[in-house]
Amino acid sequence: MNTEQLRHLLPITRNINYMNTGWAGPSSTPVIKQVSETMELEALNGPASRKGLEFIRGILELGRQSVSDLLNCDSGEIWVT
């Protein structure tokens, strides 16, 4: 990914040079989309329902797998706390 591709994922950078990269930085377009979809599914199914829990477990596993691929380790070695 190059700088222009990264800037495209952060809507705030389309109009200004955003320099705050600390804890309160903006979310990227894919993150906003995933959070929105997750909230909609939780509203429809309930976050603690069978469907809701299966969905969240799937998201967690996808995250663990992505991190393990990045670190070249087994996903079982990654814990989300």
# chains A, B, ... in the order shown; residues from 1 in each chain; ligands from 1
>>> select_by_dssp(residues="chain A", states="alpha helix (DSSP H)", output="VMD selection string")
chain A and resid 3 to 9 29 to 45 50 to 71
>>> write_last_selection(atoms="C-alpha atoms", output="short mmCIF file (atom, residue, chain, number, x, y, z; two decimals), in the first residue's frame")
data_model
loop_
_atom_site.label_atom_id
_atom_site.label_comp_id
_atom_site.auth_asym_id
_atom_site.auth_seq_id
_atom_site.Cartn_x
_atom_site.Cartn_y
_atom_site.Cartn_z
CA THR A 3 0.72 6.75 0.73
CA GLU A 4 -2.01 7.76 -1.72
CA GLN A 5 -3.87 4.48 -1.16
CA LEU A 6 -3.67 4.96 2.61
CA ARG A 7 -4.88 8.57 2.34
CA HIS A 8 -7.82 7.37 0.26
CA LEU A 9 -8.89 5.07 3.14
CA THR A 29 -13.39 3.73 5.54
CA PRO A 30 -13.16 -0.10 5.92
CA VAL A 31 -13.31 0.24 9.72
CA ILE A 32 -16.33 2.55 9.55
CA LYS A 33 -18.07 0.11 7.20
CA GLN A 34 -17.37 -2.92 9.43
CA VAL A 35 -18.49 -1.14 12.61
CA SER A 36 -21.68 0.01 10.90
CA GLU A 37 -22.46 -3.52 9.64
CA THR A 38 -21.72 -4.99 13.07
CA MET A 39 -24.01 -2.51 14.84
CA GLU A 40 -26.80 -3.20 12.35
CA LEU A 41 -26.50 -6.97 12.83
CA GLU A 42 -26.45 -6.57 16.61
CA ALA A 43 -29.56 -4.38 16.42
CA LEU A 44 -31.37 -6.97 14.30
CA ASN A 45 -30.22 -10.15 16.06
CA ARG A 50 -26.76 -17.22 19.01
CA LYS A 51 -26.47 -15.38 15.67
CA GLY A 52 -24.87 -12.37 17.33
CA LEU A 53 -22.28 -14.43 19.17
CA GLU A 54 -21.47 -16.52 16.08
CA PHE A 55 -20.95 -13.33 14.09
CA ILE A 56 -18.63 -11.80 16.70
CA ARG A 57 -16.65 -15.04 17.06
CA GLY A 58 -16.18 -15.02 13.28
CA ILE A 59 -14.94 -11.42 13.37
CA LEU A 60 -12.54 -12.24 16.21
CA GLU A 61 -11.18 -15.27 14.36
CA LEU A 62 -10.68 -13.21 11.21
CA GLY A 63 -8.75 -10.65 13.24
CA ARG A 64 -6.63 -13.31 14.94
CA GLN A 65 -5.87 -14.91 11.57
CA SER A 66 -4.91 -11.56 10.04
CA VAL A 67 -2.55 -10.76 12.91
CA SER A 68 -1.05 -14.26 12.88
CA ASP A 69 -0.44 -13.98 9.12
CA LEU A 70 1.32 -10.66 9.70
CA LEU A 71 3.46 -12.12 12.50
#
>>> atom_distance(atom1="CA of Thr13 (chain A)", atom2="CA of Ser28 (chain A)")
10.2 Å
>>> atom_distance(atom1="CA of Asp74 (chain A)", atom2="CA of Met1 (chain A)")
24.5 Å
>>> decode(residues="region 49-79 of chain A", atoms="N, CA and C atoms", output="compact mmCIF listing (two decimals), in the first residue's frame")
# COMPACT_ATOMS: atom_id res chain seq x y z
N SER A 49 -27.34 -12.98 21.26
CA SER A 49 -28.09 -14.10 20.69
C SER A 49 -27.12 -15.08 20.04
N ARG A 50 -27.62 -16.24 19.67
CA ARG A 50 -26.76 -17.22 19.01
C ARG A 50 -26.14 -16.63 17.74
N LYS A 51 -26.98 -15.99 16.90
CA LYS A 51 -26.47 -15.38 15.67
C LYS A 51 -25.46 -14.28 15.97
N GLY A 52 -25.77 -13.46 16.96
CA GLY A 52 -24.87 -12.37 17.33
C GLY A 52 -23.52 -12.86 17.80
N LEU A 53 -23.53 -13.88 18.66
CA LEU A 53 -22.28 -14.43 19.17
C LEU A 53 -21.49 -15.13 18.08
N GLU A 54 -22.16 -15.86 17.20
CA GLU A 54 -21.47 -16.52 16.08
C GLU A 54 -20.81 -15.48 15.18
N PHE A 55 -21.51 -14.39 14.93
CA PHE A 55 -20.95 -13.33 14.09
C PHE A 55 -19.69 -12.74 14.73
N ILE A 56 -19.78 -12.40 16.01
CA ILE A 56 -18.63 -11.80 16.70
C ILE A 56 -17.47 -12.78 16.77
N ARG A 57 -17.74 -14.04 17.03
CA ARG A 57 -16.65 -15.04 17.06
C ARG A 57 -15.97 -15.12 15.69
N GLY A 58 -16.75 -15.02 14.62
CA GLY A 58 -16.18 -15.02 13.28
C GLY A 58 -15.28 -13.81 13.04
N ILE A 59 -15.74 -12.64 13.50
CA ILE A 59 -14.94 -11.42 13.37
C ILE A 59 -13.64 -11.55 14.17
N LEU A 60 -13.74 -12.06 15.38
CA LEU A 60 -12.54 -12.24 16.21
C LEU A 60 -11.56 -13.21 15.56
N GLU A 61 -12.06 -14.30 15.01
CA GLU A 61 -11.18 -15.27 14.36
C GLU A 61 -10.51 -14.67 13.13
N LEU A 62 -11.26 -13.89 12.37
CA LEU A 62 -10.68 -13.21 11.21
C LEU A 62 -9.56 -12.27 11.64
N GLY A 63 -9.78 -11.54 12.71
CA GLY A 63 -8.75 -10.65 13.24
C GLY A 63 -7.53 -11.41 13.72
N ARG A 64 -7.75 -12.48 14.45
CA ARG A 64 -6.63 -13.31 14.94
C ARG A 64 -5.84 -13.87 13.77
N GLN A 65 -6.55 -14.34 12.74
CA GLN A 65 -5.87 -14.91 11.57
C GLN A 65 -5.06 -13.84 10.84
N SER A 66 -5.62 -12.65 10.71
CA SER A 66 -4.91 -11.56 10.04
C SER A 66 -3.63 -11.19 10.78
N VAL A 67 -3.73 -11.09 12.11
CA VAL A 67 -2.55 -10.76 12.91
C VAL A 67 -1.53 -11.89 12.85
N SER A 68 -1.99 -13.13 12.92
CA SER A 68 -1.05 -14.26 12.88
C SER A 68 -0.36 -14.34 11.51
N ASP A 69 -1.07 -14.02 10.44
CA ASP A 69 -0.44 -13.98 9.12
C ASP A 69 0.65 -12.91 9.07
N LEU A 70 0.36 -11.76 9.66
CA LEU A 70 1.32 -10.66 9.70
C LEU A 70 2.57 -11.04 10.50
N LEU A 71 2.36 -11.75 11.61
CA LEU A 71 3.46 -12.12 12.50
C LEU A 71 4.07 -13.48 12.17
N ASN A 72 3.50 -14.16 11.18
CA ASN A 72 3.98 -15.48 10.77
C ASN A 72 3.96 -16.47 11.95
N CYS A 73 2.79 -16.57 12.58
CA CYS A 73 2.62 -17.51 13.68
C CYS A 73 1.24 -18.15 13.56
N ASP A 74 0.94 -19.07 14.44
CA ASP A 74 -0.36 -19.74 14.45
C ASP A 74 -1.40 -18.83 15.08
N SER A 75 -2.62 -18.84 14.54
CA SER A 75 -3.67 -17.96 15.09
C SER A 75 -4.00 -18.30 16.54
N GLY A 76 -3.72 -19.54 16.97
CA GLY A 76 -3.94 -19.93 18.35
C GLY A 76 -3.01 -19.22 19.32
N GLU A 77 -1.95 -18.61 18.79
CA GLU A 77 -1.02 -17.86 19.63
C GLU A 77 -1.45 -16.41 19.84
N ILE A 78 -2.50 -16.00 19.16
CA ILE A 78 -2.98 -14.62 19.25
C ILE A 78 -4.20 -14.58 20.17
N TRP A 79 -4.15 -13.71 21.16
CA TRP A 79 -5.27 -13.56 22.10
C TRP A 79 -5.79 -12.14 22.04
